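Below is the file query.txt, which contains compact mmCIF, N, CA and C atoms and all ligand atoms.
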# COMPACT_ATOMS: atom_id res chain seq x y z
N MET A 1 -11.07 -2.02 -17.83
CA MET A 1 -10.85 -1.52 -16.48
C MET A 1 -9.38 -1.21 -16.27
N ILE A 2 -9.10 -0.15 -15.55
CA ILE A 2 -7.73 0.24 -15.21
C ILE A 2 -6.99 -0.95 -14.60
N LEU A 3 -7.63 -1.59 -13.64
CA LEU A 3 -7.04 -2.76 -12.99
C LEU A 3 -8.10 -3.81 -12.80
N GLU A 4 -7.74 -5.06 -13.07
CA GLU A 4 -8.65 -6.16 -12.74
C GLU A 4 -8.55 -6.39 -11.24
N TRP A 5 -9.70 -6.66 -10.66
CA TRP A 5 -9.70 -6.91 -9.22
C TRP A 5 -9.12 -8.29 -8.95
N THR A 6 -8.07 -8.36 -8.18
CA THR A 6 -7.47 -9.66 -7.84
C THR A 6 -7.26 -9.72 -6.33
N SER A 7 -7.00 -10.91 -5.83
CA SER A 7 -6.83 -11.06 -4.38
C SER A 7 -5.62 -10.28 -3.89
N ALA A 8 -4.65 -10.03 -4.77
CA ALA A 8 -3.46 -9.26 -4.37
C ALA A 8 -3.82 -7.82 -3.99
N LEU A 9 -4.99 -7.36 -4.48
CA LEU A 9 -5.41 -5.97 -4.21
C LEU A 9 -6.39 -5.89 -3.04
N ARG A 10 -6.72 -7.03 -2.48
CA ARG A 10 -7.70 -7.05 -1.40
C ARG A 10 -7.04 -6.62 -0.09
N VAL A 11 -7.57 -5.54 0.48
CA VAL A 11 -7.03 -5.03 1.74
C VAL A 11 -7.68 -5.79 2.91
N GLY A 12 -8.90 -6.30 2.67
CA GLY A 12 -9.57 -7.08 3.70
C GLY A 12 -10.47 -6.26 4.59
N VAL A 13 -10.64 -5.00 4.24
CA VAL A 13 -11.55 -4.11 4.97
C VAL A 13 -12.59 -3.69 3.94
N GLU A 14 -13.83 -4.01 4.20
CA GLU A 14 -14.86 -3.83 3.19
C GLU A 14 -14.92 -2.42 2.61
N GLN A 15 -14.94 -1.41 3.50
CA GLN A 15 -15.04 -0.03 2.98
C GLN A 15 -13.88 0.32 2.06
N ILE A 16 -12.68 -0.07 2.47
CA ILE A 16 -11.50 0.29 1.68
C ILE A 16 -11.53 -0.47 0.34
N ASP A 17 -11.86 -1.74 0.37
CA ASP A 17 -11.92 -2.51 -0.88
C ASP A 17 -12.96 -1.92 -1.83
N GLU A 18 -14.09 -1.50 -1.29
CA GLU A 18 -15.12 -0.88 -2.14
C GLU A 18 -14.64 0.46 -2.70
N GLN A 19 -13.98 1.23 -1.85
CA GLN A 19 -13.47 2.53 -2.32
C GLN A 19 -12.45 2.34 -3.44
N HIS A 20 -11.59 1.34 -3.30
CA HIS A 20 -10.59 1.10 -4.35
C HIS A 20 -11.25 0.74 -5.68
N GLN A 21 -12.30 -0.07 -5.60
CA GLN A 21 -12.98 -0.43 -6.85
C GLN A 21 -13.67 0.76 -7.47
N GLU A 22 -14.20 1.66 -6.63
CA GLU A 22 -14.80 2.89 -7.14
C GLU A 22 -13.71 3.78 -7.78
N LEU A 23 -12.54 3.80 -7.16
CA LEU A 23 -11.41 4.55 -7.75
C LEU A 23 -11.09 4.02 -9.14
N PHE A 24 -11.05 2.70 -9.29
CA PHE A 24 -10.73 2.12 -10.60
C PHE A 24 -11.79 2.52 -11.63
N ARG A 25 -13.06 2.49 -11.21
CA ARG A 25 -14.13 2.85 -12.15
C ARG A 25 -13.99 4.31 -12.61
N ARG A 26 -13.71 5.19 -11.64
CA ARG A 26 -13.59 6.61 -12.00
C ARG A 26 -12.36 6.86 -12.85
N ALA A 27 -11.26 6.19 -12.51
CA ALA A 27 -10.03 6.36 -13.29
C ALA A 27 -10.24 5.86 -14.71
N GLU A 28 -10.94 4.74 -14.84
CA GLU A 28 -11.20 4.18 -16.17
C GLU A 28 -12.02 5.15 -17.02
N ARG A 29 -13.04 5.75 -16.43
CA ARG A 29 -13.87 6.69 -17.19
C ARG A 29 -13.04 7.88 -17.66
N LEU A 30 -12.17 8.36 -16.77
CA LEU A 30 -11.31 9.49 -17.15
C LEU A 30 -10.38 9.10 -18.30
N VAL A 31 -9.73 7.97 -18.18
CA VAL A 31 -8.78 7.55 -19.21
C VAL A 31 -9.50 7.30 -20.54
N LEU A 32 -10.70 6.73 -20.49
CA LEU A 32 -11.46 6.51 -21.73
C LEU A 32 -11.78 7.85 -22.41
N ALA A 33 -12.13 8.87 -21.60
CA ALA A 33 -12.43 10.19 -22.17
C ALA A 33 -11.17 10.80 -22.78
N LEU A 34 -10.03 10.61 -22.11
CA LEU A 34 -8.75 11.11 -22.66
C LEU A 34 -8.43 10.40 -23.97
N GLU A 35 -8.61 9.08 -23.97
CA GLU A 35 -8.30 8.29 -25.17
C GLU A 35 -9.22 8.67 -26.33
N ALA A 36 -10.47 9.01 -25.99
CA ALA A 36 -11.42 9.39 -27.04
C ALA A 36 -11.19 10.84 -27.48
N GLY A 37 -10.35 11.57 -26.73
CA GLY A 37 -10.08 12.97 -27.07
C GLY A 37 -11.27 13.88 -26.78
N HIS A 38 -12.15 13.46 -25.88
CA HIS A 38 -13.33 14.26 -25.54
C HIS A 38 -13.02 15.26 -24.44
N ARG A 39 -12.53 16.40 -24.87
CA ARG A 39 -12.12 17.42 -23.92
C ARG A 39 -13.27 17.83 -22.98
N ALA A 40 -14.49 17.93 -23.51
CA ALA A 40 -15.63 18.37 -22.69
C ALA A 40 -15.93 17.37 -21.57
N ASP A 41 -15.59 16.10 -21.81
CA ASP A 41 -15.84 15.08 -20.78
C ASP A 41 -14.70 15.01 -19.76
N VAL A 42 -13.50 15.41 -20.20
CA VAL A 42 -12.33 15.19 -19.35
C VAL A 42 -12.38 16.02 -18.08
N ASP A 43 -12.73 17.30 -18.19
CA ASP A 43 -12.70 18.17 -17.01
C ASP A 43 -13.58 17.66 -15.87
N PRO A 44 -14.87 17.38 -16.13
CA PRO A 44 -15.68 16.87 -15.02
C PRO A 44 -15.19 15.51 -14.50
N LEU A 45 -14.65 14.67 -15.39
CA LEU A 45 -14.19 13.36 -14.93
C LEU A 45 -12.89 13.47 -14.12
N LEU A 46 -12.12 14.47 -14.46
CA LEU A 46 -10.89 14.73 -13.71
C LEU A 46 -11.24 15.16 -12.29
N ARG A 47 -12.23 16.04 -12.20
CA ARG A 47 -12.71 16.51 -10.90
C ARG A 47 -13.35 15.34 -10.12
N TYR A 48 -14.11 14.53 -10.85
CA TYR A 48 -14.80 13.36 -10.28
C TYR A 48 -13.80 12.39 -9.66
N LEU A 49 -12.70 12.16 -10.35
CA LEU A 49 -11.66 11.27 -9.81
C LEU A 49 -10.93 11.95 -8.65
N THR A 50 -10.51 13.20 -8.86
CA THR A 50 -9.72 13.90 -7.84
C THR A 50 -10.48 13.98 -6.51
N ASP A 51 -11.76 14.33 -6.58
CA ASP A 51 -12.57 14.43 -5.35
C ASP A 51 -12.59 13.10 -4.61
N TYR A 52 -12.71 12.03 -5.37
CA TYR A 52 -12.81 10.72 -4.72
C TYR A 52 -11.47 10.30 -4.12
N VAL A 53 -10.40 10.62 -4.82
CA VAL A 53 -9.08 10.30 -4.29
C VAL A 53 -8.87 11.04 -2.97
N VAL A 54 -9.23 12.33 -2.94
CA VAL A 54 -9.06 13.13 -1.73
C VAL A 54 -9.84 12.51 -0.58
N SER A 55 -11.10 12.17 -0.81
CA SER A 55 -11.90 11.63 0.30
C SER A 55 -11.41 10.22 0.70
N HIS A 56 -10.94 9.46 -0.26
CA HIS A 56 -10.41 8.13 0.07
C HIS A 56 -9.14 8.24 0.91
N PHE A 57 -8.24 9.12 0.51
CA PHE A 57 -7.00 9.31 1.28
C PHE A 57 -7.33 9.81 2.69
N GLU A 58 -8.28 10.73 2.79
CA GLU A 58 -8.67 11.24 4.11
C GLU A 58 -9.22 10.11 4.98
N PHE A 59 -10.00 9.25 4.36
CA PHE A 59 -10.58 8.11 5.10
C PHE A 59 -9.46 7.24 5.68
N GLU A 60 -8.51 6.87 4.82
CA GLU A 60 -7.42 6.01 5.30
C GLU A 60 -6.58 6.72 6.37
N GLU A 61 -6.32 8.00 6.14
CA GLU A 61 -5.44 8.73 7.08
C GLU A 61 -6.11 8.93 8.44
N ARG A 62 -7.42 9.17 8.41
CA ARG A 62 -8.16 9.34 9.67
C ARG A 62 -8.12 8.03 10.46
N TRP A 63 -8.28 6.95 9.71
CA TRP A 63 -8.28 5.66 10.36
C TRP A 63 -6.90 5.32 10.93
N MET A 64 -5.87 5.60 10.14
CA MET A 64 -4.51 5.33 10.62
C MET A 64 -4.21 6.14 11.88
N ALA A 65 -4.67 7.40 11.90
CA ALA A 65 -4.42 8.27 13.05
C ALA A 65 -5.16 7.73 14.28
N GLU A 66 -6.41 7.34 14.11
CA GLU A 66 -7.19 6.83 15.24
C GLU A 66 -6.61 5.54 15.78
N ALA A 67 -6.08 4.73 14.89
CA ALA A 67 -5.53 3.43 15.30
C ALA A 67 -4.08 3.55 15.76
N GLU A 68 -3.51 4.78 15.66
CA GLU A 68 -2.10 5.02 15.99
C GLU A 68 -1.20 4.05 15.22
N TYR A 69 -1.45 4.01 13.93
CA TYR A 69 -0.68 3.14 13.04
C TYR A 69 0.76 3.65 12.92
N PRO A 70 1.74 2.79 13.15
CA PRO A 70 3.13 3.26 13.13
C PRO A 70 3.61 3.69 11.74
N GLY A 71 2.96 3.20 10.68
CA GLY A 71 3.38 3.56 9.32
C GLY A 71 2.65 4.78 8.76
N LEU A 72 1.97 5.52 9.64
CA LEU A 72 1.15 6.65 9.19
C LEU A 72 1.91 7.68 8.35
N GLU A 73 3.08 8.13 8.85
CA GLU A 73 3.79 9.21 8.15
C GLU A 73 4.20 8.80 6.74
N ALA A 74 4.77 7.61 6.60
CA ALA A 74 5.22 7.15 5.29
C ALA A 74 4.04 6.99 4.34
N HIS A 75 2.94 6.48 4.89
CA HIS A 75 1.76 6.26 4.06
C HIS A 75 1.17 7.59 3.61
N ARG A 76 1.14 8.56 4.54
CA ARG A 76 0.62 9.88 4.19
C ARG A 76 1.51 10.56 3.15
N ASP A 77 2.81 10.37 3.28
CA ASP A 77 3.74 10.93 2.29
C ASP A 77 3.45 10.37 0.90
N ALA A 78 3.16 9.06 0.83
CA ALA A 78 2.86 8.44 -0.47
C ALA A 78 1.59 9.06 -1.06
N HIS A 79 0.60 9.30 -0.22
CA HIS A 79 -0.63 9.95 -0.69
C HIS A 79 -0.32 11.36 -1.20
N ARG A 80 0.53 12.09 -0.46
CA ARG A 80 0.87 13.47 -0.88
C ARG A 80 1.58 13.48 -2.22
N ARG A 81 2.50 12.54 -2.37
CA ARG A 81 3.23 12.48 -3.66
C ARG A 81 2.27 12.20 -4.81
N PHE A 82 1.30 11.34 -4.55
CA PHE A 82 0.32 11.06 -5.60
C PHE A 82 -0.45 12.33 -5.96
N MET A 83 -0.88 13.09 -4.94
CA MET A 83 -1.63 14.32 -5.20
C MET A 83 -0.77 15.34 -5.95
N ASP A 84 0.51 15.43 -5.58
CA ASP A 84 1.42 16.34 -6.29
C ASP A 84 1.52 15.94 -7.76
N ASP A 85 1.69 14.63 -8.00
CA ASP A 85 1.80 14.14 -9.38
C ASP A 85 0.50 14.38 -10.14
N LEU A 86 -0.61 14.17 -9.46
CA LEU A 86 -1.90 14.37 -10.12
C LEU A 86 -2.07 15.83 -10.53
N ARG A 87 -1.67 16.75 -9.64
CA ARG A 87 -1.75 18.18 -9.97
C ARG A 87 -0.84 18.52 -11.14
N GLU A 88 0.37 17.97 -11.14
CA GLU A 88 1.31 18.23 -12.22
C GLU A 88 0.77 17.68 -13.55
N ARG A 89 0.21 16.50 -13.50
CA ARG A 89 -0.36 15.89 -14.71
C ARG A 89 -1.59 16.65 -15.20
N THR A 90 -2.35 17.20 -14.26
CA THR A 90 -3.51 18.01 -14.65
C THR A 90 -3.03 19.26 -15.40
N ARG A 91 -1.95 19.88 -14.88
CA ARG A 91 -1.38 21.05 -15.56
C ARG A 91 -0.89 20.67 -16.95
N GLU A 92 -0.22 19.53 -17.06
CA GLU A 92 0.29 19.06 -18.33
C GLU A 92 -0.85 18.82 -19.33
N TYR A 93 -1.92 18.25 -18.83
CA TYR A 93 -3.10 18.02 -19.67
C TYR A 93 -3.65 19.36 -20.17
N ARG A 94 -3.68 20.38 -19.30
CA ARG A 94 -4.19 21.68 -19.72
C ARG A 94 -3.32 22.30 -20.82
N ARG A 95 -2.02 22.03 -20.75
CA ARG A 95 -1.12 22.55 -21.79
C ARG A 95 -1.31 21.80 -23.10
N GLN A 96 -1.42 20.48 -23.02
CA GLN A 96 -1.41 19.65 -24.24
C GLN A 96 -2.77 19.24 -24.77
N GLY A 97 -3.77 19.19 -23.88
CA GLY A 97 -5.06 18.66 -24.29
C GLY A 97 -5.04 17.14 -24.26
N PRO A 98 -6.16 16.52 -24.68
CA PRO A 98 -6.27 15.07 -24.60
C PRO A 98 -5.57 14.36 -25.76
N THR A 99 -4.25 14.46 -25.77
CA THR A 99 -3.49 13.79 -26.84
C THR A 99 -3.35 12.30 -26.53
N ARG A 100 -2.95 11.54 -27.53
CA ARG A 100 -2.70 10.10 -27.33
C ARG A 100 -1.65 9.89 -26.26
N GLN A 101 -0.65 10.76 -26.30
CA GLN A 101 0.46 10.60 -25.36
C GLN A 101 0.01 10.86 -23.93
N VAL A 102 -0.80 11.90 -23.74
CA VAL A 102 -1.33 12.22 -22.40
C VAL A 102 -2.19 11.05 -21.91
N ALA A 103 -3.02 10.50 -22.80
CA ALA A 103 -3.91 9.40 -22.43
C ALA A 103 -3.11 8.15 -22.05
N ALA A 104 -2.11 7.81 -22.86
CA ALA A 104 -1.32 6.60 -22.60
C ALA A 104 -0.53 6.75 -21.31
N SER A 105 -0.01 7.96 -21.11
CA SER A 105 0.77 8.21 -19.92
C SER A 105 -0.13 8.14 -18.67
N ALA A 106 -1.34 8.69 -18.77
CA ALA A 106 -2.27 8.66 -17.63
C ALA A 106 -2.65 7.22 -17.31
N ARG A 107 -2.94 6.44 -18.34
CA ARG A 107 -3.33 5.04 -18.08
C ARG A 107 -2.19 4.27 -17.40
N GLY A 108 -1.00 4.43 -17.93
CA GLY A 108 0.14 3.71 -17.36
C GLY A 108 0.43 4.13 -15.93
N TRP A 109 0.39 5.44 -15.71
CA TRP A 109 0.70 5.95 -14.37
C TRP A 109 -0.34 5.51 -13.35
N LEU A 110 -1.61 5.68 -13.66
CA LEU A 110 -2.67 5.32 -12.71
C LEU A 110 -2.65 3.82 -12.41
N THR A 111 -2.50 3.01 -13.45
CA THR A 111 -2.48 1.56 -13.25
C THR A 111 -1.32 1.16 -12.34
N ALA A 112 -0.15 1.67 -12.66
CA ALA A 112 1.04 1.30 -11.89
C ALA A 112 0.94 1.81 -10.45
N TRP A 113 0.45 3.04 -10.30
CA TRP A 113 0.39 3.60 -8.95
C TRP A 113 -0.60 2.84 -8.08
N PHE A 114 -1.78 2.63 -8.59
CA PHE A 114 -2.80 1.90 -7.81
C PHE A 114 -2.28 0.52 -7.44
N GLU A 115 -1.73 -0.16 -8.42
CA GLU A 115 -1.28 -1.52 -8.18
C GLU A 115 -0.19 -1.54 -7.10
N HIS A 116 0.77 -0.67 -7.26
CA HIS A 116 1.89 -0.61 -6.33
C HIS A 116 1.43 -0.20 -4.93
N HIS A 117 0.64 0.87 -4.87
CA HIS A 117 0.25 1.41 -3.56
C HIS A 117 -0.75 0.49 -2.85
N ILE A 118 -1.74 0.02 -3.57
CA ILE A 118 -2.77 -0.80 -2.93
C ILE A 118 -2.20 -2.16 -2.52
N ALA A 119 -1.50 -2.82 -3.45
CA ALA A 119 -0.95 -4.14 -3.12
C ALA A 119 0.17 -4.01 -2.08
N GLY A 120 0.74 -2.82 -1.93
CA GLY A 120 1.81 -2.61 -0.96
C GLY A 120 1.30 -1.97 0.32
N ALA A 121 1.30 -0.64 0.34
CA ALA A 121 0.99 0.11 1.57
C ALA A 121 -0.41 -0.16 2.12
N ASP A 122 -1.40 -0.22 1.23
CA ASP A 122 -2.77 -0.40 1.72
C ASP A 122 -3.00 -1.81 2.27
N VAL A 123 -2.46 -2.82 1.59
CA VAL A 123 -2.60 -4.19 2.08
C VAL A 123 -1.88 -4.34 3.43
N LYS A 124 -0.73 -3.69 3.55
CA LYS A 124 0.02 -3.72 4.80
C LYS A 124 -0.82 -3.12 5.94
N LEU A 125 -1.43 -1.98 5.63
CA LEU A 125 -2.31 -1.33 6.61
C LEU A 125 -3.46 -2.27 6.99
N GLY A 126 -4.07 -2.91 5.99
CA GLY A 126 -5.18 -3.82 6.25
C GLY A 126 -4.77 -4.97 7.18
N HIS A 127 -3.59 -5.51 6.95
CA HIS A 127 -3.10 -6.60 7.80
C HIS A 127 -2.89 -6.13 9.23
N TRP A 128 -2.33 -4.95 9.35
CA TRP A 128 -2.06 -4.41 10.69
C TRP A 128 -3.37 -4.18 11.44
N LEU A 129 -4.33 -3.57 10.75
CA LEU A 129 -5.63 -3.31 11.38
C LEU A 129 -6.32 -4.61 11.77
N ALA A 130 -6.23 -5.61 10.88
CA ALA A 130 -6.89 -6.89 11.17
C ALA A 130 -6.24 -7.56 12.37
N SER A 131 -4.92 -7.43 12.46
CA SER A 131 -4.22 -8.08 13.58
C SER A 131 -4.59 -7.44 14.91
N ARG A 132 -5.08 -6.20 14.85
CA ARG A 132 -5.51 -5.51 16.09
C ARG A 132 -7.01 -5.41 16.22
N GLU A 133 -7.69 -6.11 15.29
CA GLU A 133 -9.16 -6.10 15.29
C GLU A 133 -9.71 -4.68 15.34
N ARG A 134 -9.11 -3.83 14.53
CA ARG A 134 -9.59 -2.45 14.44
C ARG A 134 -10.74 -2.38 13.46
N HIS A 135 -11.68 -1.51 13.72
CA HIS A 135 -12.81 -1.33 12.83
C HIS A 135 -12.82 0.11 12.33
N PRO A 136 -13.37 0.32 11.14
CA PRO A 136 -13.32 1.66 10.54
C PRO A 136 -14.02 2.72 11.37
N PRO A 137 -13.52 3.95 11.29
CA PRO A 137 -14.20 5.07 11.97
C PRO A 137 -15.49 5.41 11.23
N HIS A 138 -16.36 6.12 11.88
CA HIS A 138 -17.61 6.47 11.21
C HIS A 138 -17.64 7.95 10.87
FE FE B 201 -3.29 4.45 0.85
FE FE B 202 -6.15 3.25 -0.69
Is it possible to express this structure as structure tokens?
Ligand SMILES: [Fe+2]
Ligand SMILES: [Fe+2]
Amino acid sequence: MILEWTSALRVGVEQIDEQHQELFRRAERLVLALEAGHRADVDPLLRYLTDYVVSHFEFEERWMAEAEYPGLEAHRDAHRRFMDDLRERTREYRRQGPTRQVAASARGWLTAWFEHHIAGADVKLGHWLASRERHPPH
């Protein structure tokens, strides 16, 4: 698994915690395909991960907006930077193919980003929402 689930990654909101675990599963499948050098598998898995990231970020951002979360702008910027990096890495993959270096770099980047962002910004958001007894939008 890209990341082992630990209490440090728990945001405390069921939907968000479930979405994060789904992100890890999708990221792991993509990285395994890159590591195996299976080009035919990489494209659909890349799309599979990207789509989920987009909908997950939208979910968090919609919720932050509805709750008038004061950290919304900074959090949204972090999501944007991730999407920019993901697009750049996708381009790099298209140039190089599923090399060992691309696979190792993808694994390191995804692991570090998820860990940093979830244990940081997302947990902070979860605490703020919990302190205001906010519930997810539908
Ligand atoms: Fe986030
Ligand atoms: Fe998140």
Task: Contacts of ligand FE 202 (chain B), 7 Å or closer, only C-alpha atoms and all ligand atoms, given as a list of chain:residue names - done: A:Ile16, A:His20, A:His56, A:Phe57, A:Glu60, A:Ile118, A:Asp122
- [ ] Could you give me the residues within 10 Å of ligand FE 201 (chain B), counting only C-alpha atoms and all ligand atoms, as a ChimeraX atom specification?
- [x] /A:16,20,53,56-61,64,72,74-79,82,114,117-125
Open item on the list: As an exercise, work out the distance from atom C of Leu34 (chain A) to atom N of Ala103 (chain A) in Å and give it to one decimal place.
Closed with: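 Computed distance, atom C of Leu34 (chain A) to atom N of Ala103 (chain A), equals 5.5 Å.
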Task: Which of A:Ala33, A:Tyr69, A:Ala130, A:Gly97 sits closest to Gly12 (chain A) [using only N, CA and C atoms] - done: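 With only N, CA and C atoms as the atom set, the closest residue is A:Ala130.
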Task: Distance query Met1 (chain A) at most 9 Å, only C-alpha atoms, self and fewer than 4 positions along chain excluded, as a ChimeraX atom specification - done: /A:24-25,27-29
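Compared by their closest atoms to Arg94 (chain A), and using only C-alpha atoms, the residues A:Glu14, A:Glu35, A:Asp43, A:His127 rank with A:Asp43 nearest.
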TODO: Work out how far apart atom C of Met83 (chain A) and CA of Thr50 (chain A) are and give it in Å to one decimal.
DONE: 9.3 Å
- [ ] For CA of Val42 (chain A) and CA of Gln15 (chain A), quote the distance in Å rounded to one decimal.
- [x]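 We find that CA of Val42 (chain A) and CA of Gln15 (chain A) lie 27.2 Å from each other.
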Task: Minimum-distance residue to Glu22 (chain A), chosen among A:Tyr52, A:Thr6, A:Glu66, A:Arg100 (using all atoms listed in the file) - done: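 Among the listed residues, A:Tyr52 lies closest to Glu22 (chain A).
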Open item on the list: Which residue is closest to His38 (chain A)? Choose from A:Glu133, A:Ile2, A:Thr99, A:Asp85 and count all atoms listed in the file.
Closed with: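 Once distances to His38 (chain A) are computed over all atoms listed in the file, the minimum belongs to A:Thr99.
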